[in-house]
file entry_39.txt (compact mmCIF, C-alpha atoms)
# COMPACT_ATOMS: atom_id res chain seq x y z
CA MET A 175 0.00 0.00 0.00
CA THR A 176 1.41 3.38 -1.00
CA ASP A 177 1.81 6.27 1.40
CA SER A 178 -0.76 8.29 -0.55
CA ILE A 179 -3.44 5.63 -0.10
CA ARG A 180 -2.58 5.41 3.60
CA THR A 181 -2.96 9.17 3.91
CA GLN A 182 -6.33 9.07 2.19
CA LEU A 183 -7.54 6.32 4.50
CA ILE A 184 -6.50 8.29 7.57
CA LYS A 185 -8.53 11.23 6.30
CA LEU A 186 -11.65 9.06 6.16
CA GLY A 187 -11.87 9.07 9.95
CA PRO A 188 -12.24 6.28 12.53
CA GLU A 189 -15.96 5.55 12.09
CA GLN A 190 -15.82 4.94 8.36
CA LEU A 191 -12.70 2.80 8.72
CA ALA A 192 -14.26 0.82 11.58
CA ASP A 193 -17.33 0.09 9.47
CA ALA A 194 -15.17 -1.01 6.55
CA LEU A 195 -13.12 -3.32 8.77
CA LEU A 196 -16.24 -4.90 10.23
CA GLU A 197 -17.59 -5.52 6.75
CA LEU A 198 -14.32 -7.14 5.71
CA SER A 199 -14.21 -9.27 8.86
CA ASP A 200 -17.67 -10.63 8.09
CA ARG A 201 -16.51 -11.81 4.68
CA TYR A 202 -12.88 -12.76 5.26
CA PRO A 203 -11.64 -14.80 8.26
CA ALA A 204 -8.13 -13.38 7.83
CA ALA A 205 -9.45 -9.86 8.33
CA ALA A 206 -11.36 -10.98 11.42
CA GLU A 207 -8.15 -12.51 12.76
CA VAL A 208 -6.27 -9.23 12.37
CA ILE A 209 -9.02 -7.29 14.14
CA GLU A 210 -9.14 -9.76 17.03
CA GLY A 211 -5.41 -9.36 17.53
CA LEU A 212 -5.63 -5.58 17.49
CA LEU A 213 -8.42 -5.54 20.07
CA ALA A 214 -6.94 -8.18 22.38
CA THR A 215 -5.14 -7.27 25.60
CA SER A 216 -1.46 -8.11 26.03
CA ASP A 217 -2.28 -11.21 28.07
CA GLU A 218 -4.90 -12.30 25.55
CA ASN A 219 -2.43 -11.95 22.70
CA ILE A 220 0.07 -14.16 24.53
CA GLU A 221 -2.62 -16.77 25.05
CA ARG A 222 -3.53 -16.50 21.37
CA TYR A 223 0.13 -17.02 20.47
CA LYS A 224 0.47 -20.10 22.66
CA ALA A 225 -2.78 -21.60 21.38
CA LYS A 226 -1.82 -21.07 17.74
CA LEU A 227 1.62 -22.53 18.35
CA ALA A 228 0.06 -25.64 19.89
CA ASP A 229 -2.38 -25.95 16.98
CA ILE A 230 0.42 -25.82 14.43
CA LYS A 231 2.38 -28.50 16.30
CA GLN A 232 -0.61 -30.83 16.52
CA CYS A 233 -2.21 -30.30 13.12
CA GLU A 234 -1.32 -32.90 10.50
CA ASP A 235 -3.09 -31.28 7.54
CA PHE A 236 -0.73 -30.71 4.62
CA VAL A 237 -0.63 -27.20 3.18
CA SER A 238 -0.45 -27.23 -0.61
CA TRP A 239 1.37 -24.68 -2.71
CA HIS A 240 -1.96 -23.03 -3.56
CA ASP A 241 -2.69 -22.41 0.13
CA LEU A 242 0.83 -21.42 1.11
CA ASN A 243 0.28 -17.67 1.18
CA ASP A 244 -2.63 -18.11 3.59
CA PHE A 245 -0.45 -20.32 5.80
CA ALA A 246 2.39 -17.79 5.74
CA PHE A 247 -0.10 -15.08 6.69
CA GLU A 248 -1.24 -17.23 9.61
CA LEU A 249 2.36 -17.57 10.79
CA GLN A 250 2.95 -13.83 10.50
CA GLN A 251 -0.17 -13.12 12.54
CA LEU A 252 1.15 -15.46 15.20
CA LEU A 253 4.33 -13.37 15.39
CA ASN A 254 2.24 -10.20 15.49
CA ASP A 255 0.29 -11.56 18.46
CA LEU A 256 3.54 -12.20 20.29
CA GLU A 257 4.93 -8.75 19.51
CA ARG A 258 1.77 -7.06 20.75
CA GLY A 259 1.53 -9.21 23.87
CA VAL A 260 5.04 -9.32 25.29
CA LYS A 261 5.68 -7.17 28.35
CA ASP A 262 9.02 -8.64 29.41
CA PRO A 263 11.60 -8.89 26.59
CA CYS A 264 13.37 -11.88 28.16
CA SER A 265 10.06 -13.72 28.21
CA GLY A 266 9.66 -12.67 24.59
CA VAL A 267 12.98 -14.31 23.72
CA ASP A 268 11.88 -17.57 25.29
CA LEU A 269 8.43 -17.55 23.68
CA LEU A 270 9.87 -16.73 20.27
CA ALA A 271 12.46 -19.48 20.64
CA GLN A 272 9.52 -21.87 20.87
CA PHE A 273 8.43 -20.69 17.42
CA PHE A 274 11.88 -21.45 16.00
CA GLU A 275 11.70 -24.88 17.59
CA ILE A 276 8.76 -25.89 15.38
CA ASP A 277 10.58 -25.08 12.12
CA LYS A 278 10.78 -28.80 11.33
CA VAL A 279 7.02 -29.17 11.77
CA ILE A 280 6.37 -26.29 9.39
CA VAL A 281 8.86 -27.51 6.77
CA HIS A 282 7.30 -30.98 6.74
CA ARG A 283 3.76 -29.70 6.74
CA CYS A 284 3.74 -27.54 3.63
CA ASP A 285 4.90 -27.26 0.04
CA ASP A 286 7.09 -24.23 0.56
CA SER A 287 8.83 -24.28 -2.79
CA GLY A 288 8.41 -20.50 -2.98
CA GLY A 289 9.81 -19.93 0.51
CA SER A 290 6.88 -17.86 1.79
CA ALA A 291 6.64 -19.74 5.08
CA THR A 292 10.26 -20.57 5.86
CA ASP A 293 11.46 -17.08 4.92
CA LEU A 294 9.61 -15.81 7.99
CA PHE A 295 12.21 -17.50 10.18
CA LEU A 296 15.04 -15.70 8.41
CA SER A 297 13.31 -12.32 8.31
CA SER A 298 10.33 -11.38 10.51
CA ALA A 299 11.00 -13.87 13.30
CA THR A 300 14.70 -13.01 13.41
CA ASP A 301 13.94 -9.27 13.46
CA LEU A 302 11.59 -9.80 16.39
CA PHE A 303 14.14 -11.96 18.22
CA VAL A 304 16.78 -9.25 17.81
CA SER A 305 14.32 -6.67 19.15
CA PHE A 306 13.46 -8.71 22.25
CA ALA A 307 17.06 -9.79 22.87
CA SER A 308 18.35 -6.22 22.58
CA GLN A 309 16.03 -5.18 25.39
CA CYS A 310 16.63 -8.22 27.60
CA ASN A 311 19.30 -7.53 30.23
CA ASN A 312 19.96 -11.20 30.98
CA LYS A 313 22.45 -11.74 28.18
CA GLN A 314 23.64 -15.11 29.45
CA PHE A 315 20.06 -16.38 29.29
CA ILE A 316 19.97 -15.39 25.63
CA ALA A 317 23.30 -17.08 24.92
CA ASP A 318 22.09 -20.28 26.57
CA ARG A 319 18.90 -20.15 24.49
CA LEU A 320 20.97 -19.77 21.32
CA ILE A 321 22.98 -22.86 22.20
CA LYS A 322 19.80 -24.86 22.70
CA LEU A 323 18.33 -23.62 19.43
CA ASN A 324 21.45 -24.57 17.50
CA GLU A 325 21.32 -28.15 18.76
CA GLU A 326 18.59 -28.99 16.25
CA ASN A 327 19.16 -26.39 13.55
CA ASP A 328 18.66 -29.01 10.85
CA TYR A 329 17.21 -26.65 8.24
CA ASP A 330 19.49 -23.64 8.82
CA LEU A 331 16.43 -21.51 9.61
CA ARG A 332 18.00 -20.39 12.88
CA ASP A 333 21.29 -19.26 11.32
CA ASN A 334 20.40 -15.57 11.26
CA LEU A 335 20.11 -15.55 15.04
CA PHE A 336 23.88 -16.11 15.13
CA ASN A 337 24.51 -13.92 12.08
CA ARG A 338 23.06 -10.98 14.02
CA ALA A 339 24.20 -11.90 17.53
CA GLY A 340 26.43 -8.84 17.67
CA GLU A 341 23.33 -6.66 17.56
CA TYR A 342 22.05 -7.89 20.92
CA LEU A 343 24.98 -9.46 22.78
CA PRO A 344 28.04 -7.58 24.11
CA GLU A 345 31.50 -8.79 23.20
CA ALA A 346 32.11 -10.39 26.61
CA THR A 347 29.01 -12.56 26.22
CA LEU A 348 29.92 -13.38 22.62
CA ARG A 349 33.36 -14.58 23.75
CA THR A 350 31.78 -16.78 26.42
CA LEU A 351 29.34 -18.09 23.83
CA ILE A 352 32.21 -18.94 21.51
CA ASP A 353 33.88 -20.99 24.26
CA GLU A 354 30.69 -23.03 24.64
CA LEU A 355 30.39 -23.45 20.88
CA TRP A 356 33.93 -24.88 20.76
CA ILE A 357 33.00 -27.37 23.48
CA ARG A 358 29.90 -28.45 21.57
CA ALA A 359 31.88 -28.85 18.35
CA SER A 360 34.48 -31.03 20.08
CA LYS A 361 31.83 -33.34 21.53
CA THR A 362 30.01 -34.15 18.29
CA ASP A 363 30.43 -37.56 16.71
CA THR A 364 30.30 -36.48 13.05
CA ALA A 365 31.89 -33.76 10.95
CA TYR A 366 28.42 -32.71 9.80
CA LYS A 367 27.27 -32.00 13.35
CA ALA A 368 30.52 -30.27 14.23
CA ASP A 369 30.10 -27.98 11.24
CA ARG A 370 26.89 -26.62 12.76
CA TRP A 371 28.83 -25.26 15.73
CA LEU A 372 31.87 -24.18 13.74
CA LYS A 373 29.68 -22.22 11.35
CA ALA A 374 28.17 -20.35 14.29
CA ILE A 375 31.67 -19.48 15.53
CA GLN A 376 32.61 -18.21 12.08
CA GLU A 377 29.58 -15.93 11.96
CA ILE A 378 30.34 -14.45 15.37
CA ALA A 379 34.02 -14.06 14.42
CA LYS A 380 32.96 -11.95 11.43
CA GLN A 381 30.98 -9.66 13.70
CA LEU A 382 33.90 -9.37 16.10
CA ARG A 383 36.25 -8.83 13.16
CA ASP A 384 38.42 -11.55 14.61
CA ALA A 385 40.19 -13.02 11.58
CA PRO A 386 42.33 -15.55 13.52
CA LEU A 387 39.21 -16.93 15.20
CA PHE A 388 37.45 -17.21 11.86
CA GLU A 389 40.37 -19.10 10.32
CA LYS A 390 40.60 -21.41 13.31
CA ALA A 391 36.93 -22.36 12.95
CA ARG A 392 37.17 -23.10 9.22

call {"tool": "encode", "arguments": {"input": "entry_39.txt", "output": "structure tokens"}}
result
Amino acid sequence: MTDSIRTQLIKLGPEQLADALLELSDRYPAAAEVIEGLLATSDENIERYKAKLADIKQCEDFVSWHDLNDFAFELQQLLNDLERGVKDPCSGVDLLAQFFEIDKVIVHRCDDSGGSATDLFLSSATDLFVSFASQCNNKQFIADRLIKLNEENDYDLRDNLFNRAGEYLPEATLRTLIDELWIRASKTDTAYKADRWLKAIQEIAKQLRDAPLFEKAR
């Protein structure tokens, strides 16, 4: 939507816009979903988020390519509910981590050849994680959550959390995180699994501009 159209809509006034939204909500469930999220309290939005997350995990219906955009919209609304509902940013980090933890479910459940659904992990969800993590003062908690998320990063949809770690973790925490990543890499039983941890070290090394560390992790 262009800025000019937005400006024109604002000029219509709240009553006319409210009537139009109600009419749309009667005809289109997606519009009704947006309105419900806007009107919900913070606590209600968190409950909506948790309920939707549980539904996605339990549902076995396959989403075809033709229905993918609707599914991606559903996922984005889930993230919007979380953003509107979170009061404590550290809690937001934990709740959003639970979304990343169902990436396998989402990948297996839909024909995402166009990337509409999985791209949300690399873009919107990562942006929201960075926002929450930047405001959370418990940086070690965030680092620990990153380690846990990387344990099952089978589809590389959690990579950007490490690629942007420098935006929300101070250098001291990043160095401590690197030490733990080395430990995890040394304990893996295959080169493939070790690469997951080494790649994370490389990404953090880039952000620290630590060339020797980057070379060591290659």

call {"tool": "closest_residue", "arguments": {"input": "entry_39.txt", "among": "A:Asp235, A:Phe315, A:Gln182, A:Asp244", "to": "A:Ala205", "atoms": "all atoms listed in the file"}}
result
A:Asp244

call {"tool": "residues_around", "arguments": {"input": "entry_39.txt", "residues": "stretch 254-261 of chain A", "least_positions_apart": "4", "cutoff": "9 Å", "atoms": "all atoms listed in the file", "output": "list in words"}}
result
Gly211, Leu212, Ala214, Thr215, Ser216, Asp217, Glu218, Asn219, Ile220, Glu221, Arg222, Tyr223, Lys224, Leu249, Gln250, Ser265, Gly266, Leu269, Leu270, Leu302 and Phe306 of chain A

call {"tool": "residues_around", "arguments": {"input": "entry_39.txt", "residues": "A:Ile276", "least_positions_apart": "5", "cutoff": "10 Å", "atoms": "all atoms listed in the file", "output": "list in words"}}
result
Leu227, Ala228, Ile230, Lys231, Ala271 and Val281 of chain A

call {"tool": "atom_distance", "arguments": {"input": "entry_39.txt", "atom1": "atom CA of A:Asp262", "atom2": "atom CA of A:Gln309"}}
result
8.8 Å

call {"tool": "atom_distance", "arguments": {"input": "entry_39.txt", "atom1": "atom CA of A:Lys390", "atom2": "atom CA of A:Gly340"}}
result
19.4 Å

call {"tool": "residues_around", "arguments": {"input": "entry_39.txt", "residues": "A:Glu197", "least_positions_apart": "6", "cutoff": "12 Å", "atoms": "only C-alpha atoms", "output": "list in words"}}
result
Gln190, Leu191, Pro203, Ala205, Ala206 and Ile209 of chain A

call {"tool": "atom_distance", "arguments": {"input": "entry_39.txt", "atom1": "atom CA of A:Phe295", "atom2": "atom CA of A:Phe274"}}
result
7.0 Å

call {"tool": "closest_residue", "arguments": {"input": "entry_39.txt", "among": "A:Asp277, A:Glu345, A:Asp363, A:Glu354", "to": "A:Glu326", "atoms": "all atoms listed in the file"}}
result
A:Asp277

call {"tool": "closest_residue", "arguments": {"input": "entry_39.txt", "among": "A:Ser238, A:Thr300, A:Asn243, A:Ser308", "to": "A:Glu341", "atoms": "only C-alpha atoms"}}
result
A:Ser308

call {"tool": "closest_residue", "arguments": {"input": "entry_39.txt", "among": "A:Asn327, A:Ala391, A:Cys233, A:Pro344", "to": "A:Ser360", "atoms": "all atoms listed in the file"}}
result
A:Ala391
